[in-house]
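Undergrad: Sharing a structure, written as structure tokens. Questions coming.
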Amino acid sequence: MIIRDARKEELSFIREQRVKAYEDHTEKVPAEHWEALKKAISSEADQQEGVDLIVAEINGVILGSVALFPAKTDAYEGYVDEMDYPEIRVLAVGNESRGSGVASALIDECISRAKAKGFDAIGLHTGSFMNDAIGLYQGKYGFERMPEYDFVPADDGIVVKAFKKNI
């Protein structure tokens, strides 16, 4: 598996793969929430200055992607204060590649890049309905809950939970 920066010509594929990966959650959230989430994960936020858009590939096929937002970036369009550490966002693995270590390889890369830039922590936010992701972040990686940075993007009770890991 090769972990590398995404190329401009791959952006539309990456966004389509991201939406397909997140579609697994459509039954867990109201339709309005799904539409807002779909818009957010399809946006060009991953093209902001300093964002690393990273892919995992095998034999030229992109299996998954993640965006690593730099510290002190408005990664969540005003919902959260700017953090003093980088944030993992929009981690997505194609359905056919789940369970094969792609997500872990992408998370490991984000942690390595954050360390290389001199940070001693990395964070992320994920929907309260994303149980598998939360299990991976807390179980395998030891991310700790930071409820003071949670937010509710829609008035539907669905919490976007904050996590942080010292690295």
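We label chains A, B, ... in the order they appear in the structure tokens, count residues from 1 in each chain, and number ligands from 1 in the order shown.
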At a cut-off of 8 Å, using only C-alpha atoms, what residues contact stretch 36-46 of chain A? Leave out same-chain residues fewer than 5 positions from it and give the result as a PDB file with N, CA, C and O atoms, in the first residue's frame.

TA:
```pdb
ATOM      1  N   ARG A  15     -13.827  12.681  -3.714  1.00  0.00           N
ATOM      2  CA  ARG A  15     -15.085  13.170  -3.142  1.00  0.00           C
ATOM      3  C   ARG A  15     -16.230  12.190  -3.375  1.00  0.00           C
ATOM      4  O   ARG A  15     -17.059  11.981  -2.491  1.00  0.00           O
ATOM      5  N   GLU A  16     -16.282  11.584  -4.543  1.00  0.00           N
ATOM      6  CA  GLU A  16     -17.322  10.571  -4.817  1.00  0.00           C
ATOM      7  C   GLU A  16     -17.146   9.369  -3.901  1.00  0.00           C
ATOM      8  O   GLU A  16     -18.123   8.850  -3.350  1.00  0.00           O
ATOM      9  N   ARG A  18     -15.752   9.341  -1.010  1.00  0.00           N
ATOM     10  CA  ARG A  18     -16.073   9.809   0.339  1.00  0.00           C
ATOM     11  C   ARG A  18     -17.584   9.740   0.568  1.00  0.00           C
ATOM     12  O   ARG A  18     -18.043   9.213   1.581  1.00  0.00           O
ATOM     13  N   VAL A  19     -18.358  10.267  -0.376  1.00  0.00           N
ATOM     14  CA  VAL A  19     -19.818  10.260  -0.235  1.00  0.00           C
ATOM     15  C   VAL A  19     -20.336   8.828  -0.177  1.00  0.00           C
ATOM     16  O   VAL A  19     -21.163   8.492   0.684  1.00  0.00           O
ATOM     17  N   VAL A  51      -3.716  22.347   4.033  1.00  0.00           N
ATOM     18  CA  VAL A  51      -4.379  21.062   4.248  1.00  0.00           C
ATOM     19  C   VAL A  51      -3.663  19.985   3.440  1.00  0.00           C
ATOM     20  O   VAL A  51      -3.383  20.164   2.259  1.00  0.00           O
ATOM     21  N   ASP A  52      -3.347  18.873   4.101  1.00  0.00           N
ATOM     22  CA  ASP A  52      -2.776  17.717   3.408  1.00  0.00           C
ATOM     23  C   ASP A  52      -3.924  16.771   3.058  1.00  0.00           C
ATOM     24  O   ASP A  52      -4.583  16.247   3.958  1.00  0.00           O
ATOM     25  N   LEU A  53      -4.166  16.562   1.780  1.00  0.00           N
ATOM     26  CA  LEU A  53      -5.141  15.569   1.326  1.00  0.00           C
ATOM     27  C   LEU A  53      -4.337  14.338   0.934  1.00  0.00           C
ATOM     28  O   LEU A  53      -3.507  14.385   0.022  1.00  0.00           O
ATOM     29  N   ALA A  67      -8.102  13.982   5.096  1.00  0.00           N
ATOM     30  CA  ALA A  67      -7.548  15.340   5.056  1.00  0.00           C
ATOM     31  C   ALA A  67      -6.993  15.658   6.438  1.00  0.00           C
ATOM     32  O   ALA A  67      -7.658  15.413   7.448  1.00  0.00           O
ATOM     33  N   PHE A  69      -5.956  18.768   8.500  1.00  0.00           N
ATOM     34  CA  PHE A  69      -6.034  20.225   8.556  1.00  0.00           C
ATOM     35  C   PHE A  69      -4.989  20.747   9.528  1.00  0.00           C
ATOM     36  O   PHE A  69      -4.791  20.163  10.595  1.00  0.00           O
ATOM     37  N   ALA A  75     -11.590  24.479  10.494  1.00  0.00           N
ATOM     38  CA  ALA A  75     -11.908  23.250   9.778  1.00  0.00           C
ATOM     39  C   ALA A  75     -13.401  22.951   9.764  1.00  0.00           C
ATOM     40  O   ALA A  75     -13.874  22.163   8.959  1.00  0.00           O
ATOM     41  N   VAL A  90     -12.586  13.993   7.379  1.00  0.00           N
ATOM     42  CA  VAL A  90     -13.155  13.263   6.235  1.00  0.00           C
ATOM     43  C   VAL A  90     -12.388  11.985   5.879  1.00  0.00           C
ATOM     44  O   VAL A  90     -12.129  11.703   4.715  1.00  0.00           O
TER      45      VAL A  90
END
```

Undergrad: Compile the contact shell of A:Met130 as a PDB file with N, CA and C atoms, in the first residue's frame: residues with an atom at most 10 Å away, counting only C-alpha atoms, same-chain residues fewer than 2 positions apart removed.

TA:
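For reference, part32.pdb as written:
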```
ATOM      1  N   TYR A  22     -19.644   7.326   3.227  1.00  0.00           N
ATOM      2  CA  TYR A  22     -20.479   7.885   4.291  1.00  0.00           C
ATOM      3  C   TYR A  22     -21.950   7.532   4.119  1.00  0.00           C
ATOM      4  N   ASP A  24     -23.281   4.822   4.175  1.00  0.00           N
ATOM      5  CA  ASP A  24     -23.634   3.775   5.135  1.00  0.00           C
ATOM      6  C   ASP A  24     -24.424   4.331   6.315  1.00  0.00           C
ATOM      7  N   HIS A  25     -24.302   5.625   6.553  1.00  0.00           N
ATOM      8  CA  HIS A  25     -24.906   6.235   7.732  1.00  0.00           C
ATOM      9  C   HIS A  25     -26.245   6.921   7.454  1.00  0.00           C
ATOM     10  N   LYS A  28     -29.092   6.298   9.780  1.00  0.00           N
ATOM     11  CA  LYS A  28     -28.878   6.652  11.181  1.00  0.00           C
ATOM     12  C   LYS A  28     -29.181   8.115  11.482  1.00  0.00           C
ATOM     13  N   THR A 126     -16.042  13.526  14.981  1.00  0.00           N
ATOM     14  CA  THR A 126     -16.813  12.544  14.228  1.00  0.00           C
ATOM     15  C   THR A 126     -18.226  12.485  14.772  1.00  0.00           C
ATOM     16  N   GLY A 127     -19.150  12.144  13.897  1.00  0.00           N
ATOM     17  CA  GLY A 127     -20.555  12.068  14.283  1.00  0.00           C
ATOM     18  C   GLY A 127     -20.788  11.002  15.343  1.00  0.00           C
ATOM     19  N   SER A 128     -21.683  11.287  16.253  1.00  0.00           N
ATOM     20  CA  SER A 128     -21.991  10.357  17.340  1.00  0.00           C
ATOM     21  C   SER A 128     -22.526   9.027  16.816  1.00  0.00           C
ATOM     22  N   ASP A 132     -18.209   2.648  14.447  1.00  0.00           N
ATOM     23  CA  ASP A 132     -16.986   1.940  14.060  1.00  0.00           C
ATOM     24  C   ASP A 132     -15.783   2.876  14.109  1.00  0.00           C
ATOM     25  N   ALA A 133     -15.963   4.089  13.606  1.00  0.00           N
ATOM     26  CA  ALA A 133     -14.873   5.064  13.611  1.00  0.00           C
ATOM     27  C   ALA A 133     -14.476   5.415  15.041  1.00  0.00           C
ATOM     28  N   ILE A 134     -15.470   5.651  15.883  1.00  0.00           N
ATOM     29  CA  ILE A 134     -15.189   5.981  17.286  1.00  0.00           C
ATOM     30  C   ILE A 134     -14.451   4.834  17.960  1.00  0.00           C
ATOM     31  N   GLY A 135     -14.856   3.610  17.681  1.00  0.00           N
ATOM     32  CA  GLY A 135     -14.181   2.445  18.240  1.00  0.00           C
ATOM     33  C   GLY A 135     -12.725   2.376  17.815  1.00  0.00           C
ATOM     34  N   VAL A 160     -21.599  16.120  17.031  1.00  0.00           N
ATOM     35  CA  VAL A 160     -20.309  15.853  16.409  1.00  0.00           C
ATOM     36  C   VAL A 160     -19.302  15.900  17.559  1.00  0.00           C
ATOM     37  N   LYS A 161     -18.763  14.726  17.869  1.00  0.00           N
ATOM     38  CA  LYS A 161     -17.920  14.564  19.053  1.00  0.00           C
ATOM     39  C   LYS A 161     -16.464  14.870  18.756  1.00  0.00           C
TER      40      LYS A 161
END
```

Undergrad: Go through stretch 21-139 of chain A and flag each residue having an atom no more than 7 Å from stretch 2-5 of chain A; for those, report the closest pair of atoms plus their distance in Å to one decimal, using only C-alpha atoms, ordered by chain and rising number, as a tab-separated table.

TA:
```
residue	atom	partner	partner_atom	distance
A:Asp52	CA	A:Asp5	CA	6.9
A:Leu53	CA	A:Asp5	CA	5.8
A:Ile54	CA	A:Asp5	CA	4.4
A:Val55	CA	A:Arg4	CA	5.6
A:Ala56	CA	A:Ile3	CA	4.6
A:Glu57	CA	A:Ile2	CA	5.2
A:Ile58	CA	A:Ile2	CA	6.3
```

Undergrad: Give me a file of those residues, with N, CA and C atoms, as a short mmCIF file (atom, residue, chain, number, x, y, z; two decimals), in the first residue's frame.

TA:
```cif
data_model
loop_
_atom_site.label_atom_id
_atom_site.label_comp_id
_atom_site.auth_asym_id
_atom_site.auth_seq_id
_atom_site.Cartn_x
_atom_site.Cartn_y
_atom_site.Cartn_z
N ASP A 52 -3.35 18.87 4.10
CA ASP A 52 -2.78 17.72 3.41
C ASP A 52 -3.92 16.77 3.06
N LEU A 53 -4.17 16.56 1.78
CA LEU A 53 -5.14 15.57 1.33
C LEU A 53 -4.34 14.34 0.93
N ILE A 54 -4.57 13.26 1.66
CA ILE A 54 -3.72 12.07 1.58
C ILE A 54 -4.56 10.89 1.09
N VAL A 55 -3.96 10.06 0.24
CA VAL A 55 -4.65 8.87 -0.24
C VAL A 55 -3.83 7.63 0.05
N ALA A 56 -4.54 6.50 0.11
CA ALA A 56 -3.91 5.18 0.18
C ALA A 56 -4.25 4.48 -1.13
N GLU A 57 -3.24 3.93 -1.77
CA GLU A 57 -3.49 3.26 -3.05
C GLU A 57 -2.73 1.95 -3.14
N ILE A 58 -3.26 1.06 -3.93
CA ILE A 58 -2.59 -0.18 -4.29
C ILE A 58 -2.76 -0.33 -5.80
#
```

Undergrad: Would you list, as a ChimeraX atom specification, the residues of chain A that end up in alpha helix (DSSP H) under DSSP run on this structure's backbone?

TA: /A:11-22,31-42,102-116,131-135

Undergrad: Check the smallest atom-to-atom distance from each of A:Ile167, A:Ala154, A:Val29, A:Ala71 to A:Phe129 using only C-alpha atoms, then report the winner.

TA: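 Among A:Ile167, A:Ala154, A:Val29, A:Ala71, it is A:Val29 that comes nearest to A:Phe129.
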
Undergrad: Could you pull out the residues in stretch 6-66 of chain A that DSSP calls strand (DSSP E or B) from the backbone, as a count of residues only?

TA: 13

Undergrad: Measuring atom to atom with only C-alpha atoms, identify which of A:Lys20, A:Gly123, A:Val102, A:Ser112 is nearest to A:Lys72.

TA: A:Gly123
